[in-house]
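Here is final_13.cif, consisting of mmCIF, C-alpha atoms and all ligand atoms:
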data_work
loop_
_atom_site.label_atom_id
_atom_site.label_comp_id
_atom_site.auth_asym_id
_atom_site.auth_seq_id
_atom_site.Cartn_x
_atom_site.Cartn_y
_atom_site.Cartn_z
CA MET O 45 -85.90 -12.17 7.56
CA ARG O 46 -86.57 -9.60 4.81
CA VAL O 47 -83.41 -8.52 2.96
CA LEU O 48 -82.78 -5.61 0.60
CA VAL O 49 -79.74 -5.86 -1.68
CA LEU O 50 -78.35 -2.66 -3.24
CA GLY O 51 -76.59 -2.93 -6.59
CA SER O 52 -77.06 -4.41 -10.03
CA GLY O 53 -74.08 -6.55 -11.03
CA GLY O 54 -72.95 -10.16 -11.00
CA ARG O 55 -71.82 -9.79 -7.40
CA GLU O 56 -75.31 -8.70 -6.37
CA HIS O 57 -76.87 -11.55 -8.33
CA ALA O 58 -74.57 -13.95 -6.46
CA LEU O 59 -75.49 -12.33 -3.13
CA ALA O 60 -79.21 -12.54 -3.97
CA ARG O 61 -78.85 -16.18 -5.02
CA SER O 62 -77.12 -17.18 -1.79
CA LEU O 63 -79.55 -15.15 0.30
CA SER O 64 -82.48 -16.80 -1.48
CA MET O 65 -81.03 -20.20 -0.48
CA ASP O 66 -80.91 -19.24 3.21
CA PRO O 67 -84.04 -20.71 4.86
CA ALA O 68 -84.15 -17.73 7.24
CA VAL O 69 -84.60 -15.31 4.33
CA THR O 70 -88.30 -15.03 3.59
CA GLN O 71 -88.38 -12.05 1.24
CA LEU O 72 -85.83 -10.43 -1.04
CA HIS O 73 -85.81 -6.93 -2.49
CA ALA O 74 -83.17 -5.39 -4.73
CA ALA O 75 -82.45 -1.90 -6.01
CA PRO O 76 -82.00 -1.46 -8.84
CA GLY O 77 -81.16 -5.13 -9.50
CA ASN O 78 -81.05 -6.64 -12.98
CA PRO O 79 -83.14 -9.13 -15.00
CA GLY O 80 -81.39 -12.10 -13.36
CA ILE O 81 -81.96 -10.79 -9.84
CA ALA O 82 -85.59 -10.15 -10.84
CA GLU O 83 -86.12 -13.92 -10.80
CA LEU O 84 -85.25 -13.96 -7.08
CA ALA O 85 -86.24 -10.57 -5.71
CA GLU O 86 -88.69 -7.74 -6.11
CA LEU O 87 -86.87 -4.93 -7.92
CA HIS O 88 -87.10 -1.21 -7.13
CA SER O 89 -85.72 1.45 -9.45
CA VAL O 90 -83.77 3.34 -6.83
CA THR O 91 -80.19 4.57 -7.20
CA PRO O 92 -78.08 2.88 -4.50
CA ALA O 93 -75.80 5.91 -4.03
CA ASP O 94 -78.70 8.25 -3.19
CA PRO O 95 -79.10 8.06 0.62
CA ALA O 96 -82.49 9.80 0.77
CA ALA O 97 -83.98 7.55 -1.92
CA VAL O 98 -82.59 4.40 -0.29
CA ILE O 99 -83.96 5.38 3.13
CA GLU O 100 -87.37 6.00 1.56
CA LEU O 101 -87.25 2.55 -0.06
CA ALA O 102 -86.21 0.98 3.24
CA ARG O 103 -89.19 2.63 4.95
CA GLN O 104 -91.49 1.11 2.31
CA THR O 105 -90.01 -2.39 2.30
CA ALA O 106 -89.07 -2.62 6.02
CA PRO O 107 -86.07 -4.94 5.58
CA ASP O 108 -84.46 -6.66 8.57
CA LEU O 109 -81.13 -6.41 6.77
CA ILE O 110 -79.79 -4.23 3.94
CA VAL O 111 -76.72 -5.47 2.05
CA VAL O 112 -74.80 -2.81 0.15
CA GLY O 113 -73.01 -4.36 -2.85
CA PRO O 114 -70.97 -1.71 -4.67
CA GLU O 115 -68.43 0.82 -3.39
CA ALA O 116 -70.10 4.01 -4.67
CA PRO O 117 -72.98 3.99 -2.14
CA LEU O 118 -70.58 3.08 0.68
CA VAL O 119 -68.24 5.93 -0.14
CA ALA O 120 -71.32 8.19 -0.47
CA GLY O 121 -72.29 7.32 3.12
CA VAL O 122 -75.41 5.27 2.41
CA ALA O 123 -74.70 2.58 5.04
CA GLY O 124 -74.26 5.10 7.83
CA ALA O 125 -77.37 7.01 6.74
CA LEU O 126 -79.41 3.79 6.84
CA ARG O 127 -78.12 2.94 10.31
CA ALA O 128 -78.90 6.44 11.52
CA ALA O 129 -82.45 5.94 10.20
CA GLY O 130 -82.74 2.78 12.29
CA PHE O 131 -82.00 0.06 9.72
CA ARG O 132 -79.60 -2.84 10.11
CA CYS O 133 -77.09 -2.61 7.30
CA PHE O 134 -74.17 -4.74 6.12
CA GLY O 135 -71.56 -2.27 4.88
CA PRO O 136 -69.17 0.24 6.42
CA ASP O 137 -69.89 3.90 7.22
CA GLN O 138 -68.39 6.52 4.93
CA GLY O 139 -65.37 7.07 7.19
CA ALA O 140 -64.41 3.39 7.17
CA ALA O 141 -65.22 2.98 3.45
CA MET O 142 -62.43 5.48 2.74
CA ILE O 143 -60.12 2.48 3.07
CA GLU O 144 -61.28 1.86 -0.52
CA GLY O 145 -62.26 5.42 -1.45
CA SER O 146 -58.76 6.83 -1.00
CA LYS O 147 -55.55 4.95 -1.69
CA SER O 148 -53.55 7.46 0.38
CA PHE O 149 -55.92 7.03 3.36
CA ALA O 150 -55.54 3.25 3.06
CA LYS O 151 -51.75 3.65 3.12
CA GLN O 152 -51.92 5.87 6.22
CA VAL O 153 -54.06 3.29 8.02
CA MET O 154 -51.75 0.44 7.03
CA THR O 155 -48.66 2.35 8.14
CA ALA O 156 -50.22 3.21 11.50
CA ALA O 157 -51.42 -0.39 11.96
CA GLY O 158 -48.14 -2.00 10.90
CA VAL O 159 -49.82 -3.88 8.04
CA PRO O 160 -47.37 -5.14 5.38
CA THR O 161 -47.84 -3.31 2.08
CA ALA O 162 -45.81 -1.81 -0.77
CA ALA O 163 -43.73 1.26 0.05
CA ALA O 164 -45.57 4.27 -1.35
CA ARG O 165 -45.48 8.04 -1.81
CA THR O 166 -48.54 10.25 -2.20
CA CYS O 167 -47.84 12.91 -4.84
CA SER O 168 -49.82 15.85 -6.14
CA THR O 169 -47.28 17.62 -8.35
CA GLY O 170 -45.19 16.55 -11.36
CA PRO O 171 -41.84 17.02 -9.55
CA ASP O 172 -43.12 14.90 -6.61
CA VAL O 173 -44.09 12.13 -9.04
CA GLN O 174 -40.67 12.31 -10.75
CA ALA O 175 -38.93 12.01 -7.39
CA ALA O 176 -41.11 9.07 -6.31
CA LEU O 177 -40.51 7.23 -9.60
CA ASP O 178 -36.76 7.72 -9.12
CA GLU O 179 -36.87 6.56 -5.53
CA LEU O 180 -39.04 3.47 -6.02
CA GLY O 181 -37.75 2.52 -9.47
CA PRO O 182 -39.28 0.46 -12.30
CA PRO O 183 -41.62 -1.23 -12.96
CA TYR O 184 -43.61 1.87 -12.04
CA VAL O 185 -46.92 1.56 -10.22
CA VAL O 186 -49.05 4.72 -10.30
CA LYS O 187 -52.53 4.81 -8.74
CA ALA O 188 -55.19 7.50 -8.83
CA ASP O 189 -55.99 8.39 -5.22
CA GLY O 190 -59.79 8.21 -5.55
CA LEU O 191 -62.31 5.67 -6.82
CA ALA O 192 -61.68 4.84 -10.46
CA ALA O 193 -63.78 1.73 -11.21
CA GLY O 194 -60.70 -0.44 -11.75
CA LYS O 195 -59.12 2.01 -14.22
CA GLY O 196 -56.99 4.13 -11.90
CA VAL O 197 -53.89 1.94 -11.75
CA ILE O 198 -51.10 1.47 -14.24
CA VAL O 199 -48.10 -0.78 -13.92
CA THR O 200 -45.48 0.02 -16.56
CA THR O 201 -41.77 0.13 -17.28
CA ASP O 202 -42.35 3.16 -19.51
CA ARG O 203 -41.57 6.25 -17.46
CA THR O 204 -43.34 8.59 -19.88
CA GLU O 205 -46.51 6.52 -19.61
CA ALA O 206 -46.25 6.58 -15.81
CA LEU O 207 -45.87 10.37 -15.83
CA GLU O 208 -48.78 10.84 -18.24
CA HIS O 209 -51.06 8.66 -16.12
CA ALA O 210 -50.09 10.64 -13.02
CA ALA O 211 -50.74 13.95 -14.79
CA ALA O 212 -54.20 12.74 -15.88
CA CYS O 213 -55.14 11.62 -12.35
CA GLY O 214 -54.31 14.59 -10.12
CA THR O 215 -53.27 13.20 -6.74
CA VAL O 216 -51.65 9.80 -7.10
CA VAL O 217 -49.99 7.16 -4.99
CA VAL O 218 -46.70 5.91 -6.49
CA GLU O 219 -45.82 2.46 -5.20
CA GLU O 220 -43.04 -0.04 -5.04
CA PHE O 221 -43.70 -2.91 -7.51
CA LEU O 222 -44.77 -6.16 -5.84
CA ASP O 223 -43.97 -9.47 -7.49
CA GLY O 224 -45.90 -12.68 -6.82
CA PRO O 225 -49.31 -14.28 -7.20
CA GLU O 226 -52.28 -12.16 -6.18
CA VAL O 227 -55.12 -13.46 -4.04
CA SER O 228 -58.31 -11.96 -2.69
CA VAL O 229 -59.23 -12.62 0.93
CA PHE O 230 -62.65 -11.41 2.07
CA ALA O 231 -63.21 -10.77 5.76
CA VAL O 232 -66.70 -10.39 7.17
CA ALA O 233 -66.25 -7.82 9.94
CA ASP O 234 -68.51 -6.59 12.73
CA GLY O 235 -66.49 -3.54 13.73
CA ARG O 236 -64.16 -5.34 16.12
CA SER O 237 -63.66 -8.90 14.92
CA ALA O 238 -63.68 -10.65 11.58
CA VAL O 239 -63.88 -14.03 9.93
CA ALA O 240 -62.17 -14.82 6.62
CA LEU O 241 -63.94 -16.42 3.68
CA GLN O 242 -62.11 -18.86 1.41
CA PRO O 243 -59.29 -17.15 -0.52
CA ALA O 244 -60.00 -16.74 -4.23
CA GLN O 245 -58.11 -15.57 -7.26
CA ASP O 246 -59.38 -13.28 -9.96
CA TYR O 247 -58.03 -12.42 -13.40
CA LYS O 248 -57.80 -8.67 -13.82
CA ARG O 249 -56.24 -8.42 -17.26
CA ALA O 250 -58.49 -8.53 -20.29
CA TYR O 251 -56.83 -11.24 -22.37
CA ASP O 252 -55.36 -14.72 -22.05
CA GLY O 253 -51.97 -14.99 -20.42
CA ASP O 254 -52.65 -11.80 -18.43
CA ALA O 255 -52.21 -9.63 -21.51
CA GLY O 256 -54.08 -6.44 -22.28
CA PRO O 257 -55.58 -3.72 -20.11
CA ASN O 258 -56.81 -4.04 -16.52
CA THR O 259 -60.52 -4.77 -16.19
CA GLY O 260 -62.97 -5.18 -13.36
CA GLY O 261 -62.12 -8.92 -13.47
CA MET O 262 -62.56 -11.53 -16.20
CA GLY O 263 -63.00 -14.65 -14.09
CA ALA O 264 -62.18 -16.26 -10.75
CA TYR O 265 -61.87 -19.53 -8.90
CA ALA O 266 -61.88 -20.84 -5.35
CA PRO O 267 -60.48 -22.46 -3.36
CA LEU O 268 -56.76 -22.06 -4.15
CA PRO O 269 -55.20 -25.51 -3.94
CA TRP O 270 -51.70 -24.07 -4.24
CA ALA O 271 -52.02 -21.42 -1.53
CA PRO O 272 -50.55 -21.88 1.96
CA PRO O 273 -53.23 -23.56 4.12
CA ASP O 274 -52.94 -20.87 6.79
CA LEU O 275 -53.32 -17.97 4.35
CA ALA O 276 -56.76 -16.93 5.60
CA ASP O 277 -55.71 -17.11 9.26
CA GLU O 278 -52.50 -15.23 8.59
CA THR O 279 -54.44 -12.53 6.74
CA ILE O 280 -56.82 -12.11 9.65
CA ALA O 281 -53.94 -11.90 12.14
CA THR O 282 -51.51 -9.68 10.25
CA VAL O 283 -53.79 -7.61 8.02
CA VAL O 284 -57.44 -7.58 9.01
CA GLN O 285 -57.31 -7.39 12.82
CA PRO O 286 -54.69 -4.60 12.94
CA THR O 287 -56.67 -2.65 10.31
CA LEU O 288 -59.94 -3.05 12.22
CA ALA O 289 -58.20 -1.96 15.42
CA GLU O 290 -56.73 1.13 13.76
CA LEU O 291 -60.06 2.13 12.17
CA ALA O 292 -61.84 1.67 15.51
CA ARG O 293 -59.14 3.74 17.24
CA ARG O 294 -59.83 6.53 14.73
CA GLY O 295 -63.52 6.43 15.61
CA THR O 296 -64.57 4.81 12.31
CA PRO O 297 -65.01 1.09 13.07
CA PHE O 298 -65.36 -1.09 9.99
CA SER O 299 -68.51 -3.19 9.81
CA GLY O 300 -69.08 -5.00 6.53
CA LEU O 301 -66.82 -6.75 4.06
CA LEU O 302 -63.13 -5.89 4.21
CA TYR O 303 -61.53 -7.15 1.01
CA ALA O 304 -57.78 -7.61 1.21
CA GLY O 305 -56.14 -7.81 -2.21
CA LEU O 306 -52.83 -9.49 -1.42
CA CYS O 307 -49.61 -10.21 -3.23
CA LEU O 308 -47.78 -13.31 -2.00
CA THR O 309 -44.20 -12.07 -2.43
CA SER O 310 -41.02 -13.95 -1.65
CA ARG O 311 -40.79 -11.77 1.48
CA GLY O 312 -44.31 -12.59 2.67
CA ILE O 313 -47.82 -11.27 2.14
CA ARG O 314 -48.29 -7.63 1.16
CA VAL O 315 -51.54 -5.73 0.79
CA VAL O 316 -52.00 -4.47 -2.78
CA GLU O 317 -55.32 -2.82 -2.05
CA PHE O 318 -58.29 -2.78 0.28
CA ASN O 319 -61.88 -2.70 -0.85
CA ALA O 320 -64.83 -2.00 1.40
CA ARG O 321 -67.16 -4.50 -0.31
CA PHE O 322 -67.32 -7.95 -1.83
CA GLY O 323 -65.09 -8.42 -4.89
CA ASP O 324 -66.56 -9.00 -8.30
CA PRO O 325 -66.28 -11.70 -9.69
CA GLU O 326 -64.57 -13.51 -6.75
CA THR O 327 -67.79 -13.35 -4.72
CA GLN O 328 -69.51 -15.51 -7.32
CA VAL O 329 -67.15 -18.43 -6.60
CA VAL O 330 -66.64 -17.87 -2.88
CA LEU O 331 -70.38 -17.81 -2.14
CA ASP O 332 -70.85 -20.88 -4.33
CA ARG O 333 -68.70 -22.83 -1.83
CA LEU O 334 -70.03 -21.26 1.40
CA GLY O 335 -72.11 -23.75 3.37
CA THR O 336 -73.11 -21.35 6.15
CA PRO O 337 -76.38 -19.56 5.33
CA LEU O 338 -75.42 -16.09 4.07
CA GLY O 339 -78.30 -14.06 5.54
CA GLY O 340 -77.55 -15.15 9.09
CA LEU O 341 -73.83 -14.44 8.69
CA LEU O 342 -74.27 -10.94 7.28
CA ALA O 343 -77.01 -10.11 9.81
CA ALA O 344 -74.76 -11.20 12.68
CA ALA O 345 -71.95 -8.98 11.40
CA ALA O 346 -74.32 -6.05 10.86
CA ALA O 347 -75.57 -6.47 14.43
CA GLY O 348 -71.98 -6.26 15.76
CA ASP O 349 -72.13 -9.85 16.95
CA LEU O 350 -70.23 -11.99 14.48
CA ALA O 351 -69.57 -14.64 17.13
CA SER O 352 -73.26 -15.55 17.09
CA ALA O 353 -72.88 -16.79 13.48
CA GLY O 354 -70.68 -19.69 14.66
CA LYS O 355 -67.89 -21.30 12.68
CA LEU O 356 -68.21 -21.09 8.90
CA THR O 357 -68.68 -24.27 6.89
CA TRP O 358 -67.52 -24.84 3.32
CA LEU O 359 -68.77 -27.21 0.65
CA PRO O 360 -66.22 -29.62 -0.79
CA GLY O 361 -65.05 -29.17 -4.36
CA ALA O 362 -64.30 -26.06 -6.37
CA ALA O 363 -66.04 -23.26 -8.23
CA VAL O 364 -65.00 -21.32 -11.33
CA THR O 365 -66.55 -18.27 -12.95
CA VAL O 366 -65.94 -17.04 -16.48
CA VAL O 367 -67.01 -13.52 -17.42
CA ILE O 368 -68.70 -13.01 -20.78
CA ALA O 369 -67.75 -9.50 -21.85
CA ALA O 370 -69.37 -7.29 -24.45
CA GLN O 371 -67.68 -6.48 -27.73
CA GLY O 372 -65.26 -3.60 -27.17
CA TYR O 373 -64.89 -4.10 -23.39
CA PRO O 374 -63.09 -2.58 -21.53
CA ALA O 375 -62.47 0.48 -23.73
CA SER O 376 -65.94 0.96 -25.25
CA PRO O 377 -68.36 -1.90 -24.62
CA ALA O 378 -71.21 -2.31 -27.10
CA SER O 379 -74.65 -2.41 -25.56
CA GLY O 380 -78.09 -3.37 -26.81
CA ASP O 381 -77.19 -6.72 -28.40
CA GLU O 382 -79.53 -9.59 -27.65
CA ILE O 383 -78.35 -12.38 -25.35
CA ALA O 384 -79.47 -15.95 -26.01
CA GLY O 385 -78.56 -19.41 -24.76
CA ILE O 386 -78.78 -18.83 -20.99
CA ASP O 387 -81.15 -21.75 -20.43
CA ASP O 388 -78.95 -24.00 -22.57
CA ALA O 389 -75.89 -22.96 -20.60
CA ALA O 390 -77.57 -23.66 -17.27
CA ARG O 391 -78.28 -27.22 -18.43
CA VAL O 392 -74.59 -28.09 -18.16
CA PRO O 393 -74.44 -30.00 -14.86
CA GLY O 394 -73.04 -27.90 -12.03
CA SER O 395 -73.37 -24.62 -13.88
CA TYR O 396 -75.59 -21.57 -13.69
CA VAL O 397 -75.59 -18.09 -15.15
CA LEU O 398 -75.49 -14.84 -13.20
CA HIS O 399 -76.41 -11.53 -14.81
CA ALA O 400 -73.86 -8.73 -14.57
CA GLY O 401 -74.61 -6.16 -17.28
CA THR O 402 -78.00 -7.10 -18.71
CA ALA O 403 -81.30 -5.30 -19.24
CA ARG O 404 -84.67 -5.80 -20.89
CA ASP O 405 -85.27 -3.64 -23.93
CA SER O 406 -88.63 -2.05 -24.71
CA SER O 407 -89.89 -5.27 -26.27
CA GLY O 408 -88.75 -7.39 -23.31
CA ARG O 409 -85.72 -8.96 -24.99
CA LEU O 410 -82.69 -9.62 -22.80
CA VAL O 411 -79.85 -7.42 -24.01
CA ALA O 412 -76.31 -6.52 -22.98
CA SER O 413 -76.15 -3.27 -21.02
CA GLY O 414 -72.66 -3.25 -19.53
CA GLY O 415 -69.09 -4.29 -20.21
CA ARG O 416 -69.21 -7.46 -18.17
CA VAL O 417 -72.48 -9.00 -19.32
CA LEU O 418 -72.77 -12.44 -17.73
CA ASN O 419 -70.90 -14.59 -15.21
CA ILE O 420 -70.95 -18.26 -16.01
CA VAL O 421 -70.45 -20.08 -12.70
CA ALA O 422 -69.84 -23.79 -12.32
CA ASN O 423 -68.85 -26.05 -9.49
CA GLY O 424 -67.51 -29.57 -9.44
CA PRO O 425 -65.56 -32.06 -7.37
CA ASP O 426 -62.32 -30.29 -8.29
CA GLN O 427 -61.10 -27.23 -10.13
CA ALA O 428 -60.65 -29.05 -13.45
CA ALA O 429 -64.24 -30.35 -13.41
CA ALA O 430 -65.63 -26.95 -12.44
CA ARG O 431 -63.58 -25.33 -15.17
CA ASP O 432 -64.76 -27.77 -17.83
CA ALA O 433 -68.38 -27.19 -16.89
CA ALA O 434 -67.97 -23.41 -16.88
CA TYR O 435 -66.42 -23.41 -20.35
CA GLN O 436 -69.00 -25.82 -21.75
CA ALA O 437 -71.72 -23.54 -20.46
CA ALA O 438 -69.96 -20.40 -21.73
CA ALA O 439 -69.86 -21.91 -25.23
CA ARG O 440 -73.66 -22.05 -25.23
CA ILE O 441 -74.12 -18.29 -24.78
CA ARG O 442 -74.91 -16.36 -27.92
CA LEU O 443 -74.10 -12.64 -27.92
CA ARG O 444 -72.84 -10.78 -30.96
CA GLY O 445 -69.19 -9.89 -30.36
CA GLY O 446 -69.32 -11.38 -26.85
CA TRP O 447 -66.03 -12.85 -25.68
CA HIS O 448 -64.28 -14.34 -22.69
CA ARG O 449 -60.81 -15.38 -21.55
CA SER O 450 -60.08 -19.02 -22.21
CA ASP O 451 -57.51 -19.56 -19.45
CA ILE O 452 -59.52 -18.93 -16.28
CA ALA O 453 -58.53 -21.49 -13.62
CA ALA O 454 -56.30 -23.25 -16.15
CA PRO O 455 -53.27 -25.15 -14.95
CA PRO O 456 -50.56 -24.44 -14.04
CA ALA O 457 -52.00 -22.73 -10.98
CA ARG O 458 -50.60 -19.21 -10.73
P1 LIG B 1 -55.45 -1.98 -7.30
O1 LIG B 1 -56.63 -1.22 -7.84
O2 LIG B 1 -54.67 -1.23 -6.29
O3 LIG B 1 -55.83 -3.36 -6.87
O4 LIG B 1 -54.53 -2.30 -8.55
C1 LIG B 1 -55.01 -3.00 -9.66
C2 LIG B 1 -54.00 -4.04 -10.09
O5 LIG B 1 -52.76 -3.43 -10.41
C3 LIG B 1 -53.68 -5.05 -9.01
O6 LIG B 1 -54.55 -6.11 -8.94
C4 LIG B 1 -52.30 -5.52 -9.46
O7 LIG B 1 -52.41 -6.48 -10.49
C5 LIG B 1 -51.69 -4.28 -10.00
N1 LIG B 1 -50.93 -3.64 -8.93
C6 LIG B 1 -51.39 -2.75 -8.02
N2 LIG B 1 -50.42 -2.39 -7.15
C7 LIG B 1 -49.32 -3.07 -7.50
C8 LIG B 1 -47.99 -3.13 -6.99
N3 LIG B 1 -47.58 -2.39 -5.96
N4 LIG B 1 -47.12 -3.96 -7.59
C9 LIG B 1 -47.50 -4.72 -8.66
N5 LIG B 1 -48.74 -4.70 -9.20
C10 LIG B 1 -49.64 -3.88 -8.64
N1 LIG B 2 -62.26 -8.32 -8.61
C1 LIG B 2 -61.70 -7.09 -8.20
C2 LIG B 2 -62.59 -6.18 -7.47
O1 LIG B 2 -63.71 -6.51 -7.16
O2 LIG B 2 -62.17 -5.09 -7.17
#
How would this structure read if it were set down as structure tokens?
Ligand code: AMP
Ligand code: GLY
Amino acid sequence: MRVLVLGSGGREHALARSLSMDPAVTQLHAAPGNPGIAELAELHSVTPADPAAVIELARQTAPDLIVVGPEAPLVAGVAGALRAAGFRCFGPDQGAAMIEGSKSFAKQVMTAAGVPTAAARTCSTGPDVQAALDELGPPYVVKADGLAAGKGVIVTTDRTEALEHAAACGTVVVEEFLDGPEVSVFAVADGRSAVALQPAQDYKRAYDGDAGPNTGGMGAYAPLPWAPPDLADETIATVVQPTLAELARRGTPFSGLLYAGLCLTSRGIRVVEFNARFGDPETQVVLDRLGTPLGGLLAAAAAGDLASAGKLTWLPGAAVTVVIAAQGYPASPASGDEIAGIDDAARVPGSYVLHAGTARDSSGRLVASGGRVLNIVANGPDQAAARDAAYQAAARIRLRGGWHRSDIAAPPAR
């Protein structure tokens, strides 16, 4: 099977790594990829969100399966365009990807499907926002309606800040505050049915102790030893299946990865958000533990026949990933600084390094080119061992101003 992966981050490096370990995968292509993915796949400098360019690349490389990593191409309709051109693609059509592309659409779908989520009001004027803040009360949760690369949400007790964020965003969704640990459950869906991957937890805030601004995610671990053992099954039954049924009823069946961001509240699970793609960096740890070959699983889902993939198997033990961020991330990440120590880091038993925001400069040096630069991944017989290995490896990376959280996967479990 020839596979083309679209995207260029740590998630896509993790996807490419797992695909390269599937004996059925004989050739890997990536667009645009990154220097880490280049060690596993042939790279093509094509923009994933440009449907015409991606179709042209698919015609040249003739993949049996195309895996769309990021949300932007999905929301731009690339998966549907590829299918219409005759290619098998893992990723939802534009209509179904709106479950991530519009928070208000996601709320409408959840309401119609009876999926438990925070009470919410969609507002497009100042007075509407004021009324919603009064009704739902503090802490205030205000979300930009459209895609915002992880920067559209604020949670604050400061009403002025909530109002300012709303004014800067245009249409917003104001939500009831949910209290409890957050988990990410990924469901591989074929349009009608779905199978859950192991629940994972990510760390969205920039600094230790969940301080600082929201980020794309500073680390993750899986599995979750503290989570209810039936969490994945319950999520499929109460969240994923009703959502798939509602999207199919609307004529936009969801085929691809439905990511349920959940809050485990004292009143039960609540959906915080849906994404239409694998989470980053949770994917890095979830795929590390997946025993089932990834190419076969994604191809079965893309073919509308998930049942043919059989029951998923999981490796014992745990995986942890620590994100190495560039100086100044998330506000204004520095780029162009040289990265060293990757080979040293990968010598720590159980660990390896995925590239997230890296590039080669004109003289071929590996440099930082994005806010989240590297993902140090490590596995071990348990979470503590995986965590130790990840931090030992992280300490071997040399990047001027590079930094990471020091409490990823640290006890007590959250
Ligand atoms: P979202 O992009 O919707 O996932 O929001 C980003 C982050 O904001 C989430 O991971 C939560 O940490 C926080 N958040 C979002 N919605 C809520 C909510 N209703 N209550 C509490 N925290 C929230
Ligand atoms: N880790 C959060 C996300 O991928 O949206």
Quiz item: Excluding same-chain residues fewer than 5 positions from Val98 in chain O, what lies within 9 Å of it counting only C-alpha atoms, as an MDAnalysis selection string?
Solution: chainID O and resid 50 75 90:93 103 122 126
Self-check item: Residues within 6 Å of ligand LIG 1 (chain B), counting all atoms listed in the file, as a PyMOL selection string
Solution: chain O and resi 162+185+194+197+219-222+316-317
Exercise. Please identify the residues whose atoms come within 10 Å of ligand LIG 2 (chain B), using all atoms listed in the file, and report them as a PyMOL selection string.
Key: chain O and resi 55+114-115+144+193-194+227-228+244-248+259-264+303-305+317-327
Self-check item: Near-Gly158 in chain O list (10 Å; all atoms listed in the file; drop same-chain fewer than 2 positions) as a PyMOL selection string
Solution: chain O and resi 152-156+160-161+282-283+286-287+290
Quiz item: Of the candidates O:Leu306, O:Ala378, O:Leu338, O:Leu410, which one gets nearest to Pro225 in chain O if we count all atoms listed in the file?
Solution: O:Leu306
Practice problem: Between CA of Leu443 in chain O and CA of Ala85 in chain O, measure the distance and give it in Å to one decimal. | Solution: 25.4 Å
Check which residues of range 51-136 of chain O sit at most 12 Å from range 420-431 of chain O using only C-alpha atoms, and return one row each with the closest pair of atoms and their distance in Å to one decimal, ordered by chain and rising number, as a tab-separated table.
residue	atom	partner	partner_atom	distance
O:Gly54	CA	O:Ile420	CA	9.7
O:Arg55	CA	O:Val421	CA	11.7
O:His57	CA	O:Val421	CA	11.5
O:Ala58	CA	O:Val421	CA	9.7
Please produce an output containing C-alpha atoms for each residue in the selection, written as a PDB file, in the coordinates of the input.
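Written out: selection-v1.pdb:
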ATOM      1  CA  GLY O  54     -72.950 -10.160 -11.000  1.00  0.00           C
ATOM      2  CA  ARG O  55     -71.820  -9.790  -7.400  1.00  0.00           C
ATOM      3  CA  HIS O  57     -76.870 -11.550  -8.330  1.00  0.00           C
ATOM      4  CA  ALA O  58     -74.570 -13.950  -6.460  1.00  0.00           C
TER       5      ALA O  58
END
Exercise. Show which residues sit within 12 Å of Gly53 in chain O, as a VMD selection string. Count only C-alpha atoms, and ignore same-chain residues fewer than 3 positions away.
Key: chain O and resid 49 to 50 56 to 60 74 to 81 112 to 114 260 322 to 325 327 to 328 367 398 to 403 413 to 419
Residues as selected, C-alpha atoms, written as a short mmCIF file (atom, residue, chain, number, x, y, z; two decimals), in the coordinates of the input, can you do that?
data_model
loop_
_atom_site.label_atom_id
_atom_site.label_comp_id
_atom_site.auth_asym_id
_atom_site.auth_seq_id
_atom_site.Cartn_x
_atom_site.Cartn_y
_atom_site.Cartn_z
CA VAL O 49 -79.74 -5.86 -1.68
CA LEU O 50 -78.35 -2.66 -3.24
CA GLU O 56 -75.31 -8.70 -6.37
CA HIS O 57 -76.87 -11.55 -8.33
CA ALA O 58 -74.57 -13.95 -6.46
CA LEU O 59 -75.49 -12.33 -3.13
CA ALA O 60 -79.21 -12.54 -3.97
CA ALA O 74 -83.17 -5.39 -4.73
CA ALA O 75 -82.45 -1.90 -6.01
CA PRO O 76 -82.00 -1.46 -8.84
CA GLY O 77 -81.16 -5.13 -9.50
CA ASN O 78 -81.05 -6.64 -12.98
CA PRO O 79 -83.14 -9.13 -15.00
CA GLY O 80 -81.39 -12.10 -13.36
CA ILE O 81 -81.96 -10.79 -9.84
CA VAL O 112 -74.80 -2.81 0.15
CA GLY O 113 -73.01 -4.36 -2.85
CA PRO O 114 -70.97 -1.71 -4.67
CA GLY O 260 -62.97 -5.18 -13.36
CA PHE O 322 -67.32 -7.95 -1.83
CA GLY O 323 -65.09 -8.42 -4.89
CA ASP O 324 -66.56 -9.00 -8.30
CA PRO O 325 -66.28 -11.70 -9.69
CA THR O 327 -67.79 -13.35 -4.72
CA GLN O 328 -69.51 -15.51 -7.32
CA VAL O 367 -67.01 -13.52 -17.42
CA LEU O 398 -75.49 -14.84 -13.20
CA HIS O 399 -76.41 -11.53 -14.81
CA ALA O 400 -73.86 -8.73 -14.57
CA GLY O 401 -74.61 -6.16 -17.28
CA THR O 402 -78.00 -7.10 -18.71
CA ALA O 403 -81.30 -5.30 -19.24
CA SER O 413 -76.15 -3.27 -21.02
CA GLY O 414 -72.66 -3.25 -19.53
CA GLY O 415 -69.09 -4.29 -20.21
CA ARG O 416 -69.21 -7.46 -18.17
CA VAL O 417 -72.48 -9.00 -19.32
CA LEU O 418 -72.77 -12.44 -17.73
CA ASN O 419 -70.90 -14.59 -15.21
#
Find the spatial neighbours of Gly446 in chain O, counting only C-alpha atoms, within a cut-off of 8 Å - ignore same-chain residues fewer than 4 positions away - and output them as a PDB file with C-alpha atoms, keeping the file's coordinate frame.
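Listing of result.pdb after writing:
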ATOM      1  CA  ILE O 368     -68.700 -13.010 -20.780  1.00  0.00           C
ATOM      2  CA  ALA O 369     -67.750  -9.500 -21.850  1.00  0.00           C
ATOM      3  CA  ALA O 370     -69.370  -7.290 -24.450  1.00  0.00           C
ATOM      4  CA  GLN O 371     -67.680  -6.480 -27.730  1.00  0.00           C
ATOM      5  CA  ARG O 442     -74.910 -16.360 -27.920  1.00  0.00           C
TER       6      ARG O 442
END
